[in-house]
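Student: Take a look at the following structure, please.
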Amino acid sequence: MSLLLSLKDDQYPYSGFQETRVVCRAILLNDENKIALHYLERNDSFRVGNYYETPGGGLEKGESLEEAAIRECLEETGYCSISLGEIAQVNDAYNLIKRKNENHYFLLKTTAHQQKHFVSKGDLLIKQTVFVTIDEAIALLENEAKTPISKLVFAREYPILVFLRDNWSLLLRNNLPL
């Protein structure tokens, strides 16, 4: 079961791309099968924007996509996790910073909690991490899609959450340890 999407940036003017970044994102489930979402606040080249998104970040040299998703969750949330598999890939772009992104989404299950340790500049945008039901996660994304950057994040994240919600029973039937 997987989803593949390709999106374009319709919020900022196109002026070419200079790089492609591989990003590993996580649908991180806790023991109550609630999903982790970060609430971000920014005021930078993307302008002011507040929004929710899933944990994740860039692939580092020498690690697998799955290892990167697990590492990013530990850094950003403090949760150790196991992977239940890749569920989606979303190719998107940010015209403003001339970058294409290849986002790989993994379904992860928390196993233990440690101290989170932000390591990147982007981590400093995270103001709060919440665990919510799939329906609450979808509603939070819908309510925050008001600024150009939040609309781009919404376009990337929303289809993944809807796909997960619509296939939740299939995940359970396939005996994934939810």
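Ordering of the structure tokens sets the chain letters (A, B, ...); residue numbers start at 1 within each chain; ligands are numbered from 1 in the order shown.
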Env of His38 (chain A): 10 Å cut, atoms = only C-alpha atoms, seq-sep filter 5 positions within chain, self excluded. Answer as a PyMOL selection string.

Tutor: chain A and resi 51-56+76-77+123+125-131

Student: Can you tell me, as a VMD selection string, what residues are no more than 8 Å from Leu161 (chain A) when counting only C-alpha atoms, ignoring any on the same chain fewer than 4 positions away?

Tutor: chain A and resid 134 137 to 138 157 165

Student: For CA of Phe17 (chain A) and CA of Glu86 (chain A), quote the distance in Å rounded to one decimal.

Tutor: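 Between these atoms lies a distance of 26.7 Å.
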
Student: Can you tell me, as a ChimeraX atom specification, what residues are no more than 8 Å from region 91-108 of chain A when counting only C-alpha atoms, ignoring any on the same chain fewer than 3 positions away?

Tutor: /A:5-9,12-29,45-46,65-66,69-70,81-88,156

Student: Calculate how many Å separate CA of Leu74 (chain A) from CA of Lys116 (chain A), rounding to one decimal.

Tutor: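 Separating CA of Leu74 (chain A) from CA of Lys116 (chain A) is a distance of 6.3 Å.
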
Student: From a DSSP pass on the backbone, collect the residues of chain A flagged as helix (DSSP H, G or I) and hand them back as a ChimeraX atom specification.

Tutor: /A:65-77,95-97,121-125,134-144,148-166,168-173
